[in-house]
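*Asks:* Coordinates in my_file.pdb, PDB, N, CA and C atoms, are listed below.
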MODEL        1
ATOM      1  N   MET A   1     126.572 -23.253 -93.378
ATOM      2  CA  MET A   1     127.567 -23.968 -92.636
ATOM      3  C   MET A   1     127.071 -24.072 -91.194
ATOM      4  N   GLU A   2     127.208 -25.243 -90.631
ATOM      5  CA  GLU A   2     126.803 -25.487 -89.252
ATOM      6  C   GLU A   2     127.978 -26.064 -88.481
ATOM      7  N   ARG A   3     128.043 -25.768 -87.226
ATOM      8  CA  ARG A   3     129.100 -26.314 -86.367
ATOM      9  C   ARG A   3     128.839 -27.800 -86.136
ATOM     10  N   ALA A   4     129.884 -28.605 -86.226
ATOM     11  CA  ALA A   4     129.763 -30.049 -85.990
ATOM     12  C   ALA A   4     130.868 -30.479 -85.034
ATOM     13  N   GLY A   5     130.919 -29.864 -83.869
ATOM     14  CA  GLY A   5     131.979 -30.156 -82.921
ATOM     15  C   GLY A   5     133.002 -29.033 -82.894
ATOM     16  N   ASP A   6     134.026 -29.192 -82.063
ATOM     17  CA  ASP A   6     135.039 -28.143 -81.897
ATOM     18  C   ASP A   6     135.909 -27.936 -83.122
ATOM     19  N   ASP A   7     136.198 -28.998 -83.849
ATOM     20  CA  ASP A   7     137.158 -28.911 -84.952
ATOM     21  C   ASP A   7     136.547 -29.124 -86.329
ATOM     22  N   ASN A   8     135.225 -29.277 -86.411
ATOM     23  CA  ASN A   8     134.566 -29.590 -87.675
ATOM     24  C   ASN A   8     133.346 -28.713 -87.908
ATOM     25  N   VAL A   9     132.964 -28.605 -89.170
ATOM     26  CA  VAL A   9     131.725 -27.929 -89.548
ATOM     27  C   VAL A   9     131.012 -28.772 -90.595
ATOM     28  N   THR A  10     129.704 -28.621 -90.655
ATOM     29  CA  THR A  10     128.926 -29.252 -91.708
ATOM     30  C   THR A  10     128.728 -28.216 -92.807
ATOM     31  N   VAL A  11     129.119 -28.570 -94.017
ATOM     32  CA  VAL A  11     129.053 -27.659 -95.154
ATOM     33  C   VAL A  11     127.966 -28.135 -96.110
ATOM     34  N   ALA A  12     127.101 -27.212 -96.535
ATOM     35  CA  ALA A  12     126.135 -27.486 -97.605
ATOM     36  C   ALA A  12     126.806 -27.011 -98.895
ATOM     37  N   TRP A  13     127.097 -27.937 -99.782
ATOM     38  CA  TRP A  13     127.917 -27.662-100.960
ATOM     39  C   TRP A  13     127.125 -27.007-102.086
ATOM     40  N   LEU A  14     127.850 -26.205-102.863
ATOM     41  CA  LEU A  14     127.350 -25.604-104.100
ATOM     42  C   LEU A  14     128.211 -26.129-105.235
ATOM     43  N   LYS A  15     127.710 -26.026-106.457
ATOM     44  CA  LYS A  15     128.556 -26.351-107.602
ATOM     45  C   LYS A  15     128.369 -25.290-108.672
ATOM     46  N   GLY A  16     129.471 -25.007-109.362
ATOM     47  CA  GLY A  16     129.443 -23.968-110.379
ATOM     48  C   GLY A  16     130.819 -23.781-110.969
ATOM     49  N   ALA A  17     131.028 -22.651-111.626
ATOM     50  CA  ALA A  17     132.299 -22.346-112.280
ATOM     51  C   ALA A  17     132.657 -20.895-112.004
ATOM     52  N   TRP A  18     133.931 -20.557-112.199
ATOM     53  CA  TRP A  18     134.392 -19.196-111.923
ATOM     54  C   TRP A  18     133.451 -18.147-112.494
ATOM     55  N   LYS A  19     133.111 -18.284-113.751
ATOM     56  CA  LYS A  19     132.280 -17.262-114.406
ATOM     57  C   LYS A  19     130.871 -17.756-114.699
ATOM     58  N   GLY A  20     130.525 -18.914-114.146
ATOM     59  CA  GLY A  20     129.201 -19.480-114.407
ATOM     60  C   GLY A  20     128.260 -19.330-113.223
ATOM     61  N   VAL A  21     127.113 -19.916-113.377
ATOM     62  CA  VAL A  21     126.075 -19.887-112.343
ATOM     63  C   VAL A  21     126.379 -20.950-111.295
ATOM     64  N   TRP A  22     126.121 -20.619-110.036
ATOM     65  CA  TRP A  22     126.296 -21.543-108.913
ATOM     66  C   TRP A  22     124.934 -21.940-108.386
ATOM     67  N   ARG A  23     124.796 -23.237-108.069
ATOM     68  CA  ARG A  23     123.541 -23.769-107.532
ATOM     69  C   ARG A  23     123.849 -24.720-106.386
ATOM     70  N   GLU A  24     122.833 -24.953-105.565
ATOM     71  CA  GLU A  24     122.989 -25.950-104.507
ATOM     72  C   GLU A  24     123.283 -27.295-105.146
ATOM     73  N   TRP A  25     124.157 -28.059-104.552
ATOM     74  CA  TRP A  25     124.476 -29.400-105.033
ATOM     75  C   TRP A  25     123.441 -30.333-104.421
ATOM     76  N   MET A  26     122.611 -30.892-105.254
ATOM     77  CA  MET A  26     121.526 -31.754-104.789
ATOM     78  C   MET A  26     121.864 -33.218-105.083
ATOM     79  N   VAL A  27     121.464 -34.093-104.175
ATOM     80  CA  VAL A  27     121.651 -35.528-104.360
ATOM     81  C   VAL A  27     120.309 -36.215-104.185
ATOM     82  N   LYS A  28     120.131 -37.292-104.910
ATOM     83  CA  LYS A  28     118.901 -38.059-104.807
ATOM     84  C   LYS A  28     119.002 -39.061-103.669
ATOM     85  N   LYS A  29     117.969 -39.110-102.875
ATOM     86  CA  LYS A  29     117.876 -40.111-101.816
ATOM     87  C   LYS A  29     116.476 -40.680-101.893
ATOM     88  N   GLY A  30     116.402 -41.859-102.472
ATOM     89  CA  GLY A  30     115.079 -42.427-102.729
ATOM     90  C   GLY A  30     114.368 -41.579-103.769
ATOM     91  N   LYS A  31     113.188 -41.105-103.428
ATOM     92  CA  LYS A  31     112.426 -40.257-104.341
ATOM     93  C   LYS A  31     112.645 -38.772-104.073
ATOM     94  N   SER A  32     113.446 -38.469-103.079
ATOM     95  CA  SER A  32     113.671 -37.072-102.694
ATOM     96  C   SER A  32     115.013 -36.555-103.198
ATOM     97  N   CYS A  33     115.108 -35.253-103.351
ATOM     98  CA  CYS A  33     116.375 -34.579-103.628
ATOM     99  C   CYS A  33     116.734 -33.767-102.398
ATOM    100  N   LEU A  34     117.952 -33.961-101.899
ATOM    101  CA  LEU A  34     118.419 -33.274-100.706
ATOM    102  C   LEU A  34     119.690 -32.502-101.014
ATOM    103  N   ARG A  35     119.934 -31.433-100.241
ATOM    104  CA  ARG A  35     121.189 -30.684-100.375
ATOM    105  C   ARG A  35     122.335 -31.591 -99.953
ATOM    106  N   TYR A  36     123.410 -31.571-100.734
ATOM    107  CA  TYR A  36     124.578 -32.370-100.390
ATOM    108  C   TYR A  36     125.329 -31.671 -99.265
ATOM    109  N   LYS A  37     125.520 -32.374 -98.157
ATOM    110  CA  LYS A  37     126.232 -31.845 -97.004
ATOM    111  C   LYS A  37     127.285 -32.845 -96.567
ATOM    112  N   SER A  38     128.373 -32.327 -96.002
ATOM    113  CA  SER A  38     129.378 -33.203 -95.424
ATOM    114  C   SER A  38     130.079 -32.469 -94.283
ATOM    115  N   VAL A  39     130.699 -33.238 -93.415
ATOM    116  CA  VAL A  39     131.441 -32.686 -92.294
ATOM    117  C   VAL A  39     132.904 -32.576 -92.707
ATOM    118  N   VAL A  40     133.473 -31.382 -92.545
ATOM    119  CA  VAL A  40     134.872 -31.146 -92.911
ATOM    120  C   VAL A  40     135.610 -30.486 -91.751
ATOM    121  N   PRO A  41     136.921 -30.691 -91.659
ATOM    122  CA  PRO A  41     137.704 -30.036 -90.606
ATOM    123  C   PRO A  41     137.757 -28.521 -90.835
ATOM    124  N   LEU A  42     137.675 -27.768 -89.768
ATOM    125  CA  LEU A  42     137.783 -26.305 -89.857
ATOM    126  C   LEU A  42     139.053 -25.879 -90.574
ATOM    127  N   ARG A  43     140.156 -26.580 -90.335
ATOM    128  CA  ARG A  43     141.442 -26.189 -90.916
ATOM    129  C   ARG A  43     141.465 -26.313 -92.441
ATOM    130  N   SER A  44     140.505 -27.024 -93.020
ATOM    131  CA  SER A  44     140.497 -27.188 -94.474
ATOM    132  C   SER A  44     139.733 -26.070 -95.198
ATOM    133  N   LEU A  45     139.063 -25.208 -94.461
ATOM    134  CA  LEU A  45     138.305 -24.126 -95.094
ATOM    135  C   LEU A  45     139.232 -22.988 -95.492
ATOM    136  N   ILE A  46     139.030 -22.465 -96.699
ATOM    137  CA  ILE A  46     139.842 -21.331 -97.138
ATOM    138  C   ILE A  46     139.005 -20.066 -97.268
ATOM    139  N   LEU A  47     137.691 -20.192 -97.301
ATOM    140  CA  LEU A  47     136.803 -19.039 -97.385
ATOM    141  C   LEU A  47     135.571 -19.337 -96.553
ATOM    142  N   TRP A  48     135.273 -18.465 -95.622
ATOM    143  CA  TRP A  48     134.191 -18.713 -94.671
ATOM    144  C   TRP A  48     132.832 -18.256 -95.158
ATOM    145  N   ASP A  49     132.800 -17.174 -95.875
ATOM    146  CA  ASP A  49     131.514 -16.568 -96.185
ATOM    147  C   ASP A  49     131.607 -15.833 -97.513
ATOM    148  N   PHE A  50     130.587 -15.978 -98.320
ATOM    149  CA  PHE A  50     130.485 -15.212 -99.553
ATOM    150  C   PHE A  50     129.029 -15.190 -99.976
ATOM    151  N   SER A  51     128.704 -14.266-100.849
ATOM    152  CA  SER A  51     127.343 -14.216-101.384
ATOM    153  C   SER A  51     127.425 -14.211-102.903
ATOM    154  N   LEU A  52     126.373 -14.677-103.514
ATOM    155  CA  LEU A  52     126.295 -14.713-104.969
ATOM    156  C   LEU A  52     125.539 -13.479-105.462
ATOM    157  N   THR A  53     125.752 -13.156-106.724
ATOM    158  CA  THR A  53     124.989 -12.051-107.318
ATOM    159  C   THR A  53     123.538 -12.486-107.488
ATOM    160  N   SER A  54     122.701 -11.567-107.890
ATOM    161  CA  SER A  54     121.281 -11.901-108.118
ATOM    162  C   SER A  54     121.113 -12.917-109.249
ATOM    163  N   LYS A  55     122.138 -13.062-110.084
ATOM    164  CA  LYS A  55     122.107 -14.050-111.176
ATOM    165  C   LYS A  55     122.768 -15.361-110.790
ATOM    166  N   GLY A  56     123.163 -15.509-109.501
ATOM    167  CA  GLY A  56     123.738 -16.761-109.032
ATOM    168  C   GLY A  56     125.208 -16.947-109.373
ATOM    169  N   ARG A  57     125.917 -15.866-109.611
ATOM    170  CA  ARG A  57     127.341 -15.934-109.953
ATOM    171  C   ARG A  57     128.198 -15.435-108.793
ATOM    172  N   LEU A  58     129.468 -15.861-108.803
ATOM    173  CA  LEU A  58     130.403 -15.357-107.805
ATOM    174  C   LEU A  58     130.682 -13.883-108.072
ATOM    175  N   ARG A  59     130.839 -13.117-107.012
ATOM    176  CA  ARG A  59     131.213 -11.709-107.148
ATOM    177  C   ARG A  59     132.702 -11.620-107.480
ATOM    178  N   ARG A  60     133.103 -10.560-108.149
ATOM    179  CA  ARG A  60     134.507 -10.370-108.532
ATOM    180  C   ARG A  60     135.407 -10.435-107.298
ATOM    181  N   SER A  61     134.986  -9.837-106.184
ATOM    182  CA  SER A  61     135.805  -9.844-104.966
ATOM    183  C   SER A  61     135.985 -11.265-104.429
ATOM    184  N   THR A  62     134.971 -12.104-104.571
ATOM    185  CA  THR A  62     135.063 -13.501-104.123
ATOM    186  C   THR A  62     136.025 -14.276-105.011
ATOM    187  N   ILE A  63     135.936 -14.072-106.311
ATOM    188  CA  ILE A  63     136.842 -14.740-107.251
ATOM    189  C   ILE A  63     138.283 -14.352-106.938
ATOM    190  N   ASP A  64     138.523 -13.056-106.740
ATOM    191  CA  ASP A  64     139.877 -12.581-106.446
ATOM    192  C   ASP A  64     140.401 -13.196-105.150
ATOM    193  N   GLU A  65     139.559 -13.232-104.114
ATOM    194  CA  GLU A  65     139.972 -13.795-102.824
ATOM    195  C   GLU A  65     140.265 -15.289-102.936
ATOM    196  N   LEU A  66     139.413 -16.035-103.632
ATOM    197  CA  LEU A  66     139.648 -17.469-103.808
ATOM    198  C   LEU A  66     140.935 -17.738-104.587
ATOM    199  N   ARG A  67     141.144 -17.001-105.647
ATOM    200  CA  ARG A  67     142.374 -17.194-106.433
ATOM    201  C   ARG A  67     143.604 -16.901-105.591
ATOM    202  N   LYS A  68     143.533 -15.856-104.790
ATOM    203  CA  LYS A  68     144.649 -15.510-103.899
ATOM    204  C   LYS A  68     144.909 -16.650-102.914
ATOM    205  N   LYS A  69     143.840 -17.186-102.316
ATOM    206  CA  LYS A  69     143.988 -18.280-101.345
ATOM    207  C   LYS A  69     144.562 -19.531-102.009
ATOM    208  N   TYR A  70     144.072 -19.870-103.208
ATOM    209  CA  TYR A  70     144.599 -21.033-103.922
ATOM    210  C   TYR A  70     146.081 -20.844-104.259
ATOM    211  N   GLU A  71     146.446 -19.630-104.655
ATOM    212  CA  GLU A  71     147.843 -19.351-104.975
ATOM    213  C   GLU A  71     148.717 -19.519-103.722
ATOM    214  N   GLU A  72     148.241 -19.038-102.572
ATOM    215  CA  GLU A  72     148.970 -19.200-101.319
ATOM    216  C   GLU A  72     149.134 -20.673-100.971
ATOM    217  N   LEU A  73     148.075 -21.450-101.172
ATOM    218  CA  LEU A  73     148.156 -22.886-100.888
ATOM    219  C   LEU A  73     149.142 -23.577-101.815
ATOM    220  N   ASP A  74     149.103 -23.234-103.096
ATOM    221  CA  ASP A  74     150.022 -23.830-104.067
ATOM    222  C   ASP A  74     151.470 -23.509-103.736
ATOM    223  N   SER A  75     151.741 -22.267-103.362
ATOM    224  CA  SER A  75     153.119 -21.881-103.075
ATOM    225  C   SER A  75     153.622 -22.480-101.762
ATOM    226  N   SER A  76     152.729 -22.727-100.830
ATOM    227  CA  SER A  76     153.165 -23.318 -99.547
ATOM    228  C   SER A  76     153.375 -24.818 -99.641
ATOM    229  N   SER A  77     152.864 -25.444-100.695
ATOM    230  CA  SER A  77     153.023 -26.898-100.823
ATOM    231  C   SER A  77     154.281 -27.282-101.591
ATOM    232  N   LEU A  78     155.033 -26.288-102.059
ATOM    233  CA  LEU A  78     156.262 -26.592-102.809
ATOM    234  C   LEU A  78     157.397 -27.010-101.941
TER     235      LEU A  78
ENDMDL
END
Could you show the structure in this file as structure tokens?

*Replies:*
Amino acid sequence: MERAGDDNVTVAWLKGAWKGVWREWMVKKGKSCLRYKSVVPLRSLILWDFSLTSKGRLRRSTIDELRKKYEELDSSSL
């Protein structure tokens, strides 16, 4: 994640599943493959930092924290 102004950050995206392997999200640009990045508002982030296991999976603590954050978001939107 890189700072992109006072209210935004540039995020390099990953893709995966709760219990599956996570990898960098790559996009084709011409003949090259590049990491998919986009600028998002700071207020839209729910988790700032996490690490993957040596097998590329989310740690149990990360899964628990994400589920908790999603539940909080769901309950606040009612």

*Asks:* One decimal, in Å: what's the spacing between atom C of Lys69 of chain A and atom C of Leu42 of chain A?

*Replies:* 14.2 Å

*Asks:* Enumerate as a PyMOL selection string all residues of chain A assigned to strand (DSSP E) by DSSP on the backbone, naming them with the chain letters and numbers the document uses.

*Replies:* chain A and resi 2-3+8-12+14-15+23-24+26-29+32-35+37-41

*Asks:* Applied to the shown file, which residues does the PyMOL selection byres ((chain A and resi 58) around 6.5) return, written as a tab-separated table (two decimals) with N, CA and C atoms, keeping the file's coordinate frame?

*Replies:*
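Result went into selection-v7.tsv, see below:
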chain	number	residue	atom	x	y	z
A	18	TRP	N	133.93	-20.56	-112.20
A	18	TRP	CA	134.39	-19.20	-111.92
A	18	TRP	C	133.45	-18.15	-112.49
A	19	LYS	N	133.11	-18.28	-113.75
A	19	LYS	CA	132.28	-17.26	-114.41
A	19	LYS	C	130.87	-17.76	-114.70
A	20	GLY	N	130.52	-18.91	-114.15
A	20	GLY	CA	129.20	-19.48	-114.41
A	20	GLY	C	128.26	-19.33	-113.22
A	21	VAL	N	127.11	-19.92	-113.38
A	21	VAL	CA	126.08	-19.89	-112.34
A	21	VAL	C	126.38	-20.95	-111.30
A	22	TRP	N	126.12	-20.62	-110.04
A	22	TRP	CA	126.30	-21.54	-108.91
A	22	TRP	C	124.93	-21.94	-108.39
A	51	SER	N	128.70	-14.27	-100.85
A	51	SER	CA	127.34	-14.22	-101.38
A	51	SER	C	127.42	-14.21	-102.90
A	52	LEU	N	126.37	-14.68	-103.51
A	52	LEU	CA	126.30	-14.71	-104.97
A	52	LEU	C	125.54	-13.48	-105.46
A	53	THR	N	125.75	-13.16	-106.72
A	53	THR	CA	124.99	-12.05	-107.32
A	53	THR	C	123.54	-12.49	-107.49
A	56	GLY	N	123.16	-15.51	-109.50
A	56	GLY	CA	123.74	-16.76	-109.03
A	56	GLY	C	125.21	-16.95	-109.37
A	57	ARG	N	125.92	-15.87	-109.61
A	57	ARG	CA	127.34	-15.93	-109.95
A	57	ARG	C	128.20	-15.44	-108.79
A	59	ARG	N	130.84	-13.12	-107.01
A	59	ARG	CA	131.21	-11.71	-107.15
A	59	ARG	C	132.70	-11.62	-107.48
A	60	ARG	N	133.10	-10.56	-108.15
A	60	ARG	CA	134.51	-10.37	-108.53
A	60	ARG	C	135.41	-10.44	-107.30
A	61	SER	N	134.99	-9.84	-106.18
A	61	SER	CA	135.80	-9.84	-104.97
A	61	SER	C	135.99	-11.26	-104.43
A	62	THR	N	134.97	-12.10	-104.57
A	62	THR	CA	135.06	-13.50	-104.12
A	62	THR	C	136.02	-14.28	-105.01
A	63	ILE	N	135.94	-14.07	-106.31
A	63	ILE	CA	136.84	-14.74	-107.25
A	63	ILE	C	138.28	-14.35	-106.94

*Asks:* Write out as a list in words all residues of chain A that backbone DSSP assigns to alpha helix (DSSP H).

*Replies:*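 The residues of chain A classed as alpha helix (DSSP H) are Arg60, Ser61, Thr62, Ile63, Asp64, Glu65, Leu66, Arg67, Lys68, Lys69, Tyr70, Glu71, Glu72, Leu73, Asp74, Ser75 and Ser76 of chain A.
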
*Asks:* Looking at only C-alpha atoms, which of A:Arg35, A:Glu71, A:Ser76, A:Gly5 is the one that sits closest to Arg23 of chain A?

*Replies:* A:Arg35

*Asks:* One decimal, in Å: what's the spacing between atom N of Leu14 of chain A and atom C of Trp48 of chain A?

*Replies:*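 About the pair atom N of Leu14 of chain A and atom C of Trp48 of chain A: they are 12.1 Å apart.
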
*Asks:* Report the distance between atom N of Asn8 of chain A and atom N of Ile46 of chain A in Å, rounded to one decimal place.

*Replies:*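 A separation of 12.9 Å between them.
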
*Asks:* Give the answer as one residue: which of A:Thr10, A:Leu73, A:Lys29, A:Glu65 has the shortest atom-to-atom distance to Leu47 of chain A, using only N, CA and C atoms?

*Replies:* A:Glu65

*Asks:* Once the PyMOL selection byres (((chain A and resi 27 and name CA) around 12) and name CA) is applied to the coordinates I shared, what remains selected? I want it as a PDB file with N, CA and C atoms, in the coordinates of the input.

*Replies:*
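Below is the file that was written, expr_5.pdb:
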ATOM      1  N   ALA A  12     127.101 -27.212 -96.535  1.00  0.00           N
ATOM      2  CA  ALA A  12     126.135 -27.486 -97.605  1.00  0.00           C
ATOM      3  C   ALA A  12     126.806 -27.011 -98.895  1.00  0.00           C
ATOM      4  N   TRP A  13     127.097 -27.937 -99.782  1.00  0.00           N
ATOM      5  CA  TRP A  13     127.917 -27.662-100.960  1.00  0.00           C
ATOM      6  C   TRP A  13     127.125 -27.007-102.086  1.00  0.00           C
ATOM      7  N   LEU A  14     127.850 -26.205-102.863  1.00  0.00           N
ATOM      8  CA  LEU A  14     127.350 -25.604-104.100  1.00  0.00           C
ATOM      9  C   LEU A  14     128.211 -26.129-105.235  1.00  0.00           C
ATOM     10  N   LYS A  15     127.710 -26.026-106.457  1.00  0.00           N
ATOM     11  CA  LYS A  15     128.556 -26.351-107.602  1.00  0.00           C
ATOM     12  C   LYS A  15     128.369 -25.290-108.672  1.00  0.00           C
ATOM     13  N   GLU A  24     122.833 -24.953-105.565  1.00  0.00           N
ATOM     14  CA  GLU A  24     122.989 -25.950-104.507  1.00  0.00           C
ATOM     15  C   GLU A  24     123.283 -27.295-105.146  1.00  0.00           C
ATOM     16  N   TRP A  25     124.157 -28.059-104.552  1.00  0.00           N
ATOM     17  CA  TRP A  25     124.476 -29.400-105.033  1.00  0.00           C
ATOM     18  C   TRP A  25     123.441 -30.333-104.421  1.00  0.00           C
ATOM     19  N   MET A  26     122.611 -30.892-105.254  1.00  0.00           N
ATOM     20  CA  MET A  26     121.526 -31.754-104.789  1.00  0.00           C
ATOM     21  C   MET A  26     121.864 -33.218-105.083  1.00  0.00           C
ATOM     22  N   LYS A  28     120.131 -37.292-104.910  1.00  0.00           N
ATOM     23  CA  LYS A  28     118.901 -38.059-104.807  1.00  0.00           C
ATOM     24  C   LYS A  28     119.002 -39.061-103.669  1.00  0.00           C
ATOM     25  N   LYS A  29     117.969 -39.110-102.875  1.00  0.00           N
ATOM     26  CA  LYS A  29     117.876 -40.111-101.816  1.00  0.00           C
ATOM     27  C   LYS A  29     116.476 -40.680-101.893  1.00  0.00           C
ATOM     28  N   GLY A  30     116.402 -41.859-102.472  1.00  0.00           N
ATOM     29  CA  GLY A  30     115.079 -42.427-102.729  1.00  0.00           C
ATOM     30  C   GLY A  30     114.368 -41.579-103.769  1.00  0.00           C
ATOM     31  N   LYS A  31     113.188 -41.105-103.428  1.00  0.00           N
ATOM     32  CA  LYS A  31     112.426 -40.257-104.341  1.00  0.00           C
ATOM     33  C   LYS A  31     112.645 -38.772-104.073  1.00  0.00           C
ATOM     34  N   SER A  32     113.446 -38.469-103.079  1.00  0.00           N
ATOM     35  CA  SER A  32     113.671 -37.072-102.694  1.00  0.00           C
ATOM     36  C   SER A  32     115.013 -36.555-103.198  1.00  0.00           C
ATOM     37  N   CYS A  33     115.108 -35.253-103.351  1.00  0.00           N
ATOM     38  CA  CYS A  33     116.375 -34.579-103.628  1.00  0.00           C
ATOM     39  C   CYS A  33     116.734 -33.767-102.398  1.00  0.00           C
ATOM     40  N   LEU A  34     117.952 -33.961-101.899  1.00  0.00           N
ATOM     41  CA  LEU A  34     118.419 -33.274-100.706  1.00  0.00           C
ATOM     42  C   LEU A  34     119.690 -32.502-101.014  1.00  0.00           C
ATOM     43  N   ARG A  35     119.934 -31.433-100.241  1.00  0.00           N
ATOM     44  CA  ARG A  35     121.189 -30.684-100.375  1.00  0.00           C
ATOM     45  C   ARG A  35     122.335 -31.591 -99.953  1.00  0.00           C
ATOM     46  N   TYR A  36     123.410 -31.571-100.734  1.00  0.00           N
ATOM     47  CA  TYR A  36     124.578 -32.370-100.390  1.00  0.00           C
ATOM     48  C   TYR A  36     125.329 -31.671 -99.265  1.00  0.00           C
ATOM     49  N   LYS A  37     125.520 -32.374 -98.157  1.00  0.00           N
ATOM     50  CA  LYS A  37     126.232 -31.845 -97.004  1.00  0.00           C
ATOM     51  C   LYS A  37     127.285 -32.845 -96.567  1.00  0.00           C
TER      52      LYS A  37
END
